[in-house]
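Peer 1: Submitted below is the structure of interest, expressed as structure tokens.
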Amino acid sequence: MSQLRGPAPAGAPGPVRRRGAPPAVRAWAQALGAAAAGIVTMIVVAALGLWAAGAADLPGGAFPSVVAATVLVAAGGSVGLSGDVGGLAQAGAALDVVPLSVTLAGALVTAALFLLPLRHRAVAGTGELLARVARTAVCWLVLLLLLTLAARHSFTITVGNDLADRIGAELGATPTVGFRAEVPATLGAGLLWILALLVLTFLVSRRAPLSPGLLRFQDSVRPPAFAMLLTLLCYVVIGLVIGIVELITKDHPAETFAVMFLGLPNLAWMALGIGTGGAWVGHVDKAIGLPLPHLLDQVLRAHGKRTLDLGALARYDGRAWLLVAVAAVVLLVAAFTAAVRSPARRPAWRHAVEMAVVLAVTLLAVGLLTRISAHYGLSLMGLGDLGGDLGGEVTLEPQLLRLVGVGLAWGLVTGFLGALPARRVRHPGAVEKS
């Protein structure tokens with residue numbers, strides 16, 4: 001039987017009410033959590049990939065610094081390379097490549113946690129959304145600034161034989177290689193990176209609330225944008241499956257592991273571009289530590305620049321033509337998904353135009369993100385490369401106009417064909433006739 005309690009006597013303490021954190025503190029905690037989770041994910045993925053690539057054996061305990069530099073580059077930052085070999089020698093080094101496995105992992109985690117507090121809302125004020133974006137960007141930049149303090153190192157390297165090392169030491173030309181994060185460029189590019197990620201998050205996700213003034217654009221923008229996200233993730237999953245098979249069946253697991261954790265999207269999204277008829281132009285002079293699949297190495301390792309397209313790949317492996325079939329299936333599924341997520345009675349030609357535009361933009365972005373420019377060289381008194389392993393070059397540049405052109409063509413065809421069966425499927429907001 002329950003007991004009835006009268007009013008508490010005068011002076012007695014009342015019931016204790018627990019209060020949560022103030023809204024401002026909670027909002028900053030959410031922003032910091034999203035940014036920190038993304039950075040930690042990138043650190044883990046980069047560390048695993050670099051460990052498999054052999055970076056843990058770098059002299060002078062450089063591994064943590066290399067991991068930090070890799071994360072900065074993956075987040076749009078800039079890391080400068082330098083060589084100091086004394087007055088009688090010259091060294092040159094440059095590295096421009098984005099480890100998209102690290103980038104993609106951090107982007108997915110950051111976007112998911114950014115959306116978590118907003119998942120039950122359909123509309124939000126413009127000021128609130130801008131404030132959330134600003135807080136997340138500030139936390140992201142602070143974490144990047146901390147990484148720039150760790151992304152610096154220098155170490156001495158040998159030229160391959162004892163005699164050359166002794167001569168270099170006597171002449172004051174012992175080669176030293178170093179790298180250092182460029183703070184202003186890193187913070188500027190990092191700000192653009194996080195803002196672009198959050199904008200894309202609002203463009204792609206139906207769970208992201210919009211301000212009332214933007215609601216009229218969601219039906220025309222979000223379905224094709226989601227279709228492109230689906231396309232890119234499908235290619236990464238396909239590449240992951242192929243990588244796992246390679247790990248099981250081939251005899252170079254460390255190299256395969258390094259490619260998966262550093263450059264899997266680079267290769268997978270290039271396969272999308274090549275499968276649709278796009279091309280890259282490049283050259284591999286000498287391996288300098290960048291893990292490249294054997295087939296790409298065969299095509300590019302020749303005198304002068306070579307075109308990397310379907311024809312070039314098929315000359316070394318006829319299975320390259322399967323890339324066309326994979327592109328057709330994935331893009332048709334993506335176009336069908338976009339049409340189903342769009343309002344009913346939208347004409348097929350409009351789906352085709354939307355698909356053409358987003359696919360052309362996507363392939364343009366893929367081309368810009370997958371370019372490679374890396375070289376290192378060392379000479380003493382003009383005598384050229386001091387050792388076979390100290391000079392090399394890898395370049396890979398996209399043919400952007402060709403990528404945009406094939407994107408428009410494939411988008412028109414797959415967008416139209418994918419919209420036809422979507423008419424038989426119930427669309428969001430459609431009302432069934434009784």
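Following the order of the structure tokens, first chain is A, next is B, and so on, with residues numbered from 1 inside each chain and ligands from 1 in the order they appear.
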Hey, what's within 12 Å of Leu417 of chain A if we count only C-alpha atoms and toss same-chain stuff fewer than 4 positions away? As a list in words, please?

Peer 2: Ala328, Val329, Leu331, Leu332, Val333, Ala334, Ala335, Phe336, Thr337, Ala338, Ala339, Pro347, Ala348, Trp349, Arg350, His351, Ala352, Val353, Met355, Trp410, Gly411, Leu412, Val413, Pro421, Ala422 and Arg423 of chain A

Peer 1: Output the selection as a tab-separated table (two decimals), in the first residue's frame - N, CA, C and O atoms for each residue.

Peer 2:
```tsv
chain	number	residue	atom	x	y	z
A	328	ALA	N	28.05	-0.54	-66.21
A	328	ALA	CA	26.66	-0.53	-66.68
A	328	ALA	C	25.71	-0.97	-65.57
A	328	ALA	O	24.68	-0.34	-65.32
A	329	VAL	N	26.05	-2.05	-64.88
A	329	VAL	CA	25.16	-2.57	-63.83
A	329	VAL	C	25.06	-1.58	-62.67
A	329	VAL	O	23.95	-1.26	-62.20
A	331	LEU	N	25.71	1.67	-62.51
A	331	LEU	CA	25.07	2.94	-62.85
A	331	LEU	C	23.58	2.77	-63.11
A	331	LEU	O	22.78	3.68	-62.79
A	332	LEU	N	23.16	1.65	-63.68
A	332	LEU	CA	21.72	1.42	-63.86
A	332	LEU	C	21.03	1.27	-62.51
A	332	LEU	O	19.92	1.80	-62.32
A	333	VAL	N	21.65	0.56	-61.59
A	333	VAL	CA	21.06	0.44	-60.24
A	333	VAL	C	21.00	1.81	-59.57
A	333	VAL	O	19.99	2.15	-58.92
A	334	ALA	N	22.06	2.60	-59.71
A	334	ALA	CA	22.06	3.93	-59.10
A	334	ALA	C	20.98	4.82	-59.72
A	334	ALA	O	20.29	5.56	-59.01
A	335	ALA	N	20.83	4.75	-61.05
A	335	ALA	CA	19.81	5.56	-61.71
A	335	ALA	C	18.41	5.13	-61.28
A	335	ALA	O	17.53	5.98	-61.06
A	336	PHE	N	18.19	3.83	-61.17
A	336	PHE	CA	16.89	3.33	-60.70
A	336	PHE	C	16.61	3.82	-59.28
A	336	PHE	O	15.49	4.25	-58.97
A	337	THR	N	17.62	3.75	-58.42
A	337	THR	CA	17.45	4.22	-57.04
A	337	THR	C	17.11	5.70	-56.99
A	337	THR	O	16.24	6.13	-56.23
A	338	ALA	N	17.79	6.49	-57.81
A	338	ALA	CA	17.50	7.92	-57.84
A	338	ALA	C	16.09	8.18	-58.31
A	338	ALA	O	15.39	9.06	-57.77
A	339	ALA	N	15.63	7.45	-59.32
A	339	ALA	CA	14.28	7.65	-59.84
A	339	ALA	C	13.23	7.25	-58.81
A	339	ALA	O	12.19	7.92	-58.67
A	347	PRO	N	9.28	13.10	-65.48
A	347	PRO	CA	9.57	12.48	-66.77
A	347	PRO	C	10.95	11.84	-66.81
A	347	PRO	O	11.89	12.30	-66.14
A	348	ALA	N	11.07	10.79	-67.63
A	348	ALA	CA	12.33	10.06	-67.72
A	348	ALA	C	13.46	10.94	-68.26
A	348	ALA	O	14.61	10.78	-67.85
A	349	TRP	N	13.12	11.88	-69.16
A	349	TRP	CA	14.18	12.72	-69.71
A	349	TRP	C	14.81	13.60	-68.63
A	349	TRP	O	16.02	13.89	-68.68
A	350	ARG	N	14.00	13.99	-67.63
A	350	ARG	CA	14.57	14.81	-66.57
A	350	ARG	C	15.50	13.98	-65.67
A	350	ARG	O	16.55	14.47	-65.25
A	351	HIS	N	15.11	12.73	-65.41
A	351	HIS	CA	16.03	11.85	-64.68
A	351	HIS	C	17.34	11.70	-65.44
A	351	HIS	O	18.42	11.68	-64.85
A	352	ALA	N	17.24	11.57	-66.76
A	352	ALA	CA	18.44	11.40	-67.58
A	352	ALA	C	19.35	12.62	-67.48
A	352	ALA	O	20.58	12.49	-67.34
A	353	VAL	N	18.78	13.81	-67.55
A	353	VAL	CA	19.58	15.03	-67.47
A	353	VAL	C	20.24	15.15	-66.09
A	353	VAL	O	21.43	15.48	-65.98
A	355	MET	N	20.95	12.76	-63.98
A	355	MET	CA	21.98	11.74	-63.85
A	355	MET	C	23.23	12.12	-64.65
A	355	MET	O	24.37	11.90	-64.20
A	410	TRP	N	27.08	8.54	-70.40
A	410	TRP	CA	26.57	7.42	-69.59
A	410	TRP	C	25.43	7.86	-68.69
A	410	TRP	O	24.49	7.09	-68.45
A	411	GLY	N	25.50	9.08	-68.17
A	411	GLY	CA	24.42	9.55	-67.32
A	411	GLY	C	23.11	9.68	-68.07
A	411	GLY	O	22.05	9.32	-67.55
A	412	LEU	N	23.15	10.19	-69.28
A	412	LEU	CA	21.92	10.30	-70.08
A	412	LEU	C	21.29	8.93	-70.34
A	412	LEU	O	20.08	8.74	-70.16
A	413	VAL	N	22.11	7.97	-70.74
A	413	VAL	CA	21.59	6.65	-71.09
A	413	VAL	C	21.08	5.91	-69.85
A	413	VAL	O	19.94	5.42	-69.81
A	421	PRO	N	11.77	1.43	-65.38
A	421	PRO	CA	11.18	0.47	-64.43
A	421	PRO	C	10.78	1.12	-63.11
A	421	PRO	O	9.96	0.56	-62.37
A	422	ALA	N	11.35	2.29	-62.78
A	422	ALA	CA	11.01	2.95	-61.52
A	422	ALA	C	9.56	3.42	-61.50
A	422	ALA	O	9.00	3.68	-60.43
A	423	ARG	N	8.92	3.53	-62.67
A	423	ARG	CA	7.52	3.97	-62.71
A	423	ARG	C	6.59	2.96	-62.06
A	423	ARG	O	5.50	3.31	-61.62
```

Peer 1: Fewer than 3 positions away in the same chain doesn't count, so skip those; otherwise give me all residues within 12 Å of Ile39 of chain A, counting only C-alpha atoms, as a PyMOL selection string.

Peer 2: chain A and resi 32-36+42-46+67-68+70-72+74-75+102-111+139-147+190+194

Peer 1: Can I get the residues of segment 123-143 of chain A within 8 Å of segment 202-211 of chain A, each with the closest pair of atoms and their distance in Å to one decimal, using only C-alpha atoms, sorted chain first then ascending number, as a tab-separated table?

Peer 2:
```
residue	atom	partner	partner_atom	distance
A:Val123	CA	A:Pro209	CA	4.7
A:Ala124	CA	A:Ser211	CA	5.1
A:Gly125	CA	A:Ser211	CA	5.1
A:Thr126	CA	A:Ser211	CA	5.3
A:Leu129	CA	A:Ser211	CA	7.9
```

Peer 1: Residues within 7 Å of segment 248-256 of chain A, please, as a VMD selection string. Count only C-alpha atoms; anything in the same chain fewer than 4 positions from it doesn't count.

Peer 2: chain A and resid 52 to 53 243 to 244 260 291

Peer 1: For the residues selected in the previous step, produce a file with N, CA, C and O atoms as a CSV table (one decimal), in the first residue's frame.

Peer 2:
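What landed in part.csv:
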```csv
chain,number,residue,atom,x,y,z
A,52,ALA,N,51.7,-1.6,-43.1
A,52,ALA,CA,51.8,-2.6,-44.1
A,52,ALA,C,52.8,-2.2,-45.2
A,52,ALA,O,53.4,-3.1,-45.8
A,53,ALA,N,52.9,-1.0,-45.5
A,53,ALA,CA,53.8,-0.5,-46.5
A,53,ALA,C,55.2,-0.4,-46.1
A,53,ALA,O,56.1,-0.1,-46.9
A,243,GLY,N,40.2,-7.2,-53.1
A,243,GLY,CA,41.4,-7.1,-52.2
A,243,GLY,C,41.5,-8.3,-51.2
A,243,GLY,O,42.6,-8.8,-51.0
A,244,ILE,N,40.4,-8.7,-50.7
A,244,ILE,CA,40.3,-9.8,-49.7
A,244,ILE,C,40.7,-11.1,-50.5
A,244,ILE,O,41.5,-11.9,-50.0
A,260,MET,N,44.9,-1.5,-49.8
A,260,MET,CA,43.5,-1.4,-49.3
A,260,MET,C,43.3,-0.3,-48.3
A,260,MET,O,42.3,0.4,-48.3
A,291,PRO,N,52.5,2.0,-53.5
A,291,PRO,CA,52.0,0.7,-53.9
A,291,PRO,C,51.1,0.8,-55.1
A,291,PRO,O,50.1,1.5,-55.1
```

Peer 1: Between atom CA of Leu229 of chain A and atom CA of Arg132 of chain A, what is the spacing in Å?

Peer 2: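 Between atom CA of Arg132 of chain A and atom CA of Leu229 of chain A the gap is 23.0 Å.
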
Peer 1: Counting only C-alpha atoms, which of A:Leu408, A:Leu240, A:Leu264, A:Gly76 gets nearest to Leu187 of chain A?

Peer 2: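 Of A:Leu408, A:Leu240, A:Leu264, A:Gly76, the one nearest Leu187 of chain A is A:Gly76, counting only C-alpha atoms.
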
Peer 1: Per DSSP on the backbone, filter segment 215-433 of chain A down to the residues in helix (DSSP H, G or I) and report them as a PyMOL selection string.

Peer 2: chain A and resi 215-249+253-275+294-300+310-316+318-341+348-369+400-422

Peer 1: I want to know what sits within 12 Å of Gln30 of chain A, based on only C-alpha atoms, with residues of the same chain fewer than 4 positions away left out; could you give that as a PyMOL selection string?

Peer 2: chain A and resi 21+23-26+34-37+110-118+132-133+135-137+139

Peer 1: Suppose you want the space between atom CA of Val236 of chain A and atom CA of Asn266 of chain A; what is it in Å?

Peer 2: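 Calculated distance between atom CA of Val236 of chain A and atom CA of Asn266 of chain A is 9.1 Å.
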
Peer 1: Residues within 8 Å of Ala360 of chain A, please, as a ChimeraX atom specification. Count only C-alpha atoms; anything in the same chain fewer than 4 positions from it doesn't count.

Peer 2: /A:356,364,403-408,411

Peer 1: Apply DSSP to the structure's backbone, then extract all residues of segment 22-123 of chain A labelled strand (DSSP E or B) and return them as a PyMOL selection string.

Peer 2: chain A and resi 79-84+89-96+123

Peer 1: Atoms to include: all heavy atoms. Write the selected residues as an mmCIF file, in the first residue's frame.

Peer 2:
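The resulting file, out-v8.cif, is reproduced below:
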```
data_model
loop_
_atom_site.group_PDB
_atom_site.id
_atom_site.type_symbol
_atom_site.label_atom_id
_atom_site.label_comp_id
_atom_site.auth_asym_id
_atom_site.auth_seq_id
_atom_site.Cartn_x
_atom_site.Cartn_y
_atom_site.Cartn_z
ATOM 1 N N VAL A 79 51.874 19.035 -47.142
ATOM 2 C CA VAL A 79 53.107 18.661 -46.451
ATOM 3 C C VAL A 79 54.260 18.868 -47.427
ATOM 4 O O VAL A 79 54.265 18.295 -48.525
ATOM 5 C CB VAL A 79 53.072 17.204 -45.965
ATOM 6 C CG1 VAL A 79 54.409 16.816 -45.340
ATOM 7 C CG2 VAL A 79 51.938 17.007 -44.959
ATOM 8 N N GLY A 80 55.228 19.684 -47.052
ATOM 9 C CA GLY A 80 56.359 19.956 -47.915
ATOM 10 C C GLY A 80 57.509 19.006 -47.658
ATOM 11 O O GLY A 80 57.821 18.684 -46.503
ATOM 12 N N LEU A 81 58.138 18.528 -48.729
ATOM 13 C CA LEU A 81 59.307 17.651 -48.635
ATOM 14 C C LEU A 81 60.558 18.468 -48.910
ATOM 15 O O LEU A 81 60.552 19.401 -49.711
ATOM 16 C CB LEU A 81 59.206 16.507 -49.643
ATOM 17 C CG LEU A 81 57.960 15.618 -49.541
ATOM 18 C CD1 LEU A 81 58.005 14.533 -50.615
ATOM 19 C CD2 LEU A 81 57.854 14.992 -48.169
ATOM 20 N N SER A 82 61.643 18.088 -48.259
ATOM 21 C CA SER A 82 62.894 18.809 -48.459
ATOM 22 C C SER A 82 64.053 17.828 -48.388
ATOM 23 O O SER A 82 63.966 16.780 -47.748
ATOM 24 C CB SER A 82 63.069 19.895 -47.393
ATOM 25 O OG SER A 82 63.107 19.323 -46.099
ATOM 26 N N GLY A 83 65.140 18.175 -49.062
ATOM 27 C CA GLY A 83 66.347 17.372 -49.009
ATOM 28 C C GLY A 83 67.538 18.267 -48.765
ATOM 29 O O GLY A 83 67.677 19.316 -49.390
ATOM 30 N N ASP A 84 68.404 17.859 -47.849
ATOM 31 C CA ASP A 84 69.604 18.637 -47.527
ATOM 32 C C ASP A 84 70.804 17.708 -47.636
ATOM 33 O O ASP A 84 70.969 16.789 -46.832
ATOM 34 C CB ASP A 84 69.493 19.209 -46.115
ATOM 35 C CG ASP A 84 70.681 20.086 -45.766
ATOM 36 O OD1 ASP A 84 71.481 20.373 -46.670
ATOM 37 O OD2 ASP A 84 70.786 20.474 -44.585
ATOM 38 N N ALA A 89 76.039 18.695 -53.366
ATOM 39 C CA ALA A 89 75.022 17.766 -53.872
ATOM 40 C C ALA A 89 73.692 18.481 -53.998
ATOM 41 O O ALA A 89 73.478 19.563 -53.454
ATOM 42 C CB ALA A 89 74.895 16.558 -52.954
ATOM 43 N N GLN A 90 72.807 17.862 -54.743
ATOM 44 C CA GLN A 90 71.474 18.408 -54.948
ATOM 45 C C GLN A 90 70.447 17.303 -54.740
ATOM 46 O O GLN A 90 70.683 16.147 -55.096
ATOM 47 C CB GLN A 90 71.325 18.977 -56.366
ATOM 48 C CG GLN A 90 72.203 20.188 -56.629
ATOM 49 C CD GLN A 90 72.022 20.706 -58.038
ATOM 50 O OE1 GLN A 90 71.469 20.030 -58.898
ATOM 51 N NE2 GLN A 90 72.493 21.916 -58.281
ATOM 52 N N ALA A 91 69.349 17.679 -54.163
ATOM 53 C CA ALA A 91 68.259 16.723 -53.963
ATOM 54 C C ALA A 91 66.955 17.403 -54.294
ATOM 55 O O ALA A 91 66.785 18.597 -54.080
ATOM 56 C CB ALA A 91 68.235 16.216 -52.510
ATOM 57 N N GLY A 92 66.054 16.637 -54.831
ATOM 58 C CA GLY A 92 64.731 17.162 -55.144
ATOM 59 C C GLY A 92 63.682 16.123 -54.814
ATOM 60 O O GLY A 92 63.880 14.931 -55.049
ATOM 61 N N ALA A 93 62.587 16.555 -54.238
ATOM 62 C CA ALA A 93 61.535 15.618 -53.864
ATOM 63 C C ALA A 93 60.195 16.321 -53.947
ATOM 64 O O ALA A 93 60.080 17.515 -53.666
ATOM 65 C CB ALA A 93 61.756 15.082 -52.443
ATOM 66 N N ALA A 94 59.180 15.572 -54.344
ATOM 67 C CA ALA A 94 57.816 16.090 -54.382
ATOM 68 C C ALA A 94 56.867 14.912 -54.327
ATOM 69 O O ALA A 94 57.143 13.849 -54.891
ATOM 70 C CB ALA A 94 57.563 16.913 -55.646
ATOM 71 N N LEU A 95 55.763 15.098 -53.636
ATOM 72 C CA LEU A 95 54.770 14.033 -53.516
ATOM 73 C C LEU A 95 53.386 14.662 -53.478
ATOM 74 O O LEU A 95 53.087 15.461 -52.605
ATOM 75 C CB LEU A 95 55.010 13.211 -52.248
ATOM 76 C CG LEU A 95 54.029 12.062 -51.974
ATOM 77 C CD1 LEU A 95 54.117 11.034 -53.091
ATOM 78 C CD2 LEU A 95 54.320 11.413 -50.638
ATOM 79 N N ASP A 96 52.574 14.324 -54.461
ATOM 80 C CA ASP A 96 51.209 14.845 -54.547
ATOM 81 C C ASP A 96 50.275 13.687 -54.853
ATOM 82 O O ASP A 96 50.086 13.302 -56.006
ATOM 83 C CB ASP A 96 51.114 15.913 -55.635
ATOM 84 C CG ASP A 96 49.714 16.524 -55.726
ATOM 85 O OD1 ASP A 96 48.915 16.288 -54.797
ATOM 86 O OD2 ASP A 96 49.428 17.213 -56.716
ATOM 87 N N VAL A 123 13.098 19.666 -40.428
ATOM 88 C CA VAL A 123 13.327 21.079 -40.723
ATOM 89 C C VAL A 123 14.110 21.682 -39.567
ATOM 90 O O VAL A 123 13.889 21.344 -38.403
ATOM 91 C CB VAL A 123 11.999 21.834 -40.920
ATOM 92 C CG1 VAL A 123 12.258 23.302 -41.220
ATOM 93 C CG2 VAL A 123 11.170 21.200 -42.028
#
```

Peer 1: Return the single residue from A:Val394, A:Ala258, A:Leu295, A:Val281 that is closest to Arg319 of chain A, with distances computed using only C-alpha atoms.

Peer 2: A:Leu295
